[in-house]
Amino acid sequence: MKWFISHNTIRSSFQLTLEKECGEKVSHCYQCGKCSAGCPIAFQMDYLPNQIIRMTQLGMEQQVLSSRTIWLCASCLTCTVRCPREIDIAEIMDYLRRQAYKKGIIPVEETEIPLFNKIFLRNIELFGRLYEMGLIGMFNMLSGEFFKDVFLAPKMFLKQKISIFPPRVKNIKETRAIFKRSGKLGKAHRDKLLNPRLLFLNLSRKIIGKIAKRDNS
Ligand code: SF4
Ligand code: SF4
């Protein structure tokens, strides 16, 4: 019996969707490992970047989307510039994060990362550039750690690393227009940020995670 194996028949639907929506050819990866060898966060990841790519090729959607790796990726692009197959791995990580977020799959230990991302973007949209005090205050409030790093604040004030007042930015309307155009912080997005259900979910996941960690230690 003859078997015809073509490029198209061996690709998983997960891989096909990713390649279509993200525009990156995951199938071009030949597992050289250069991406993982250069990744500065690899030591913290549950799967190395090349493993994420391989799992994507194999259609292991659930495992990929529930991995810590996609949330820990710092988008530093080291892997992207090292890849001999010119695969933009950082872009793939970003795509996978968006998919995981859409499906509500966020590992317990990393629930604060999407929250931080959203507060960060909202901060830039509001002030035109980063207003650290606003970011810290909002993040502490919504993550439930009200007094986190609070004792560092006086030192940072004295060294003029942070200011009580928001920065003054000329043409702030232009920045807001960019956000509006990109649609990344449209109304639906803001509603999600302040969605009590999501905040409650984040907090409860965090508490459960801490209890589980304490029981295991
Ligand atoms: S560097 Fe590129 S080809 Fe090599 S393992 Fe990573 S993704 Fe695959
Ligand atoms: S972009 Fe992400 S996966 Fe790639 S090297 Fe940087 S931290 Fe690692």
# chains A, B, ... in the order shown; residues from 1 in each chain; ligands from 1
call {"tool": "residues_near_ligand", "arguments": {"ligand": "ligand 2", "cutoff": "10 Å", "atoms": "only C-alpha atoms and all ligand atoms", "output": "PyMOL selection string"}}
result
chain A and resi 34-43+45+48-50+52+69-83+88-94
call {"tool": "select_by_dssp", "arguments": {"residues": "segment 7-78 of chain A", "states": "helix (DSSP H, G or I)", "output": "ChimeraX atom specification"}}
result
/A:13-22,26-28,34-38,42-44,49-57,61-65,69-72,78
call {"tool": "atom_distance", "arguments": {"atom1": "atom CA of Lys102 of chain A", "atom2": "atom CA of Lys173 of chain A"}}
result
29.0 Å
call {"tool": "atom_distance", "arguments": {"atom1": "atom CA of Arg85 of chain A", "atom2": "atom 7 (S, counted along the ligand's line) of ligand 1"}}
result
6.9 Å
call {"tool": "residues_around", "arguments": {"residues": "segment 161-166 of chain A", "least_positions_apart": "4", "cutoff": "12 Å", "atoms": "only C-alpha atoms", "output": "PyMOL selection string"}}
result
chain A and resi 123-124+126-137+152-157
call {"tool": "closest_residue", "arguments": {"among": "A:Ile106, A:Leu18, A:Leu121, A:Ile113", "to": "Phe179 of chain A", "atoms": "only C-alpha atoms"}}
result
A:Leu121
call {"tool": "residues_around", "arguments": {"residues": "Met60 of chain A", "least_positions_apart": "4", "cutoff": "12 Å", "atoms": "only C-alpha atoms", "output": "PyMOL selection string"}}
result
chain A and resi 11-15+51-56+64-67
call {"tool": "closest_residue", "arguments": {"among": "A:Leu16, A:Ile10, A:Val26, A:Leu96", "to": "ligand 1", "atoms": "only C-alpha atoms and all ligand atoms"}}
result
A:Val26
call {"tool": "closest_residue", "arguments": {"among": "A:Ser182, A:Gln63, A:Gln57, A:Gln44", "to": "ligand 1", "atoms": "only C-alpha atoms and all ligand atoms"}}
result
A:Gln57
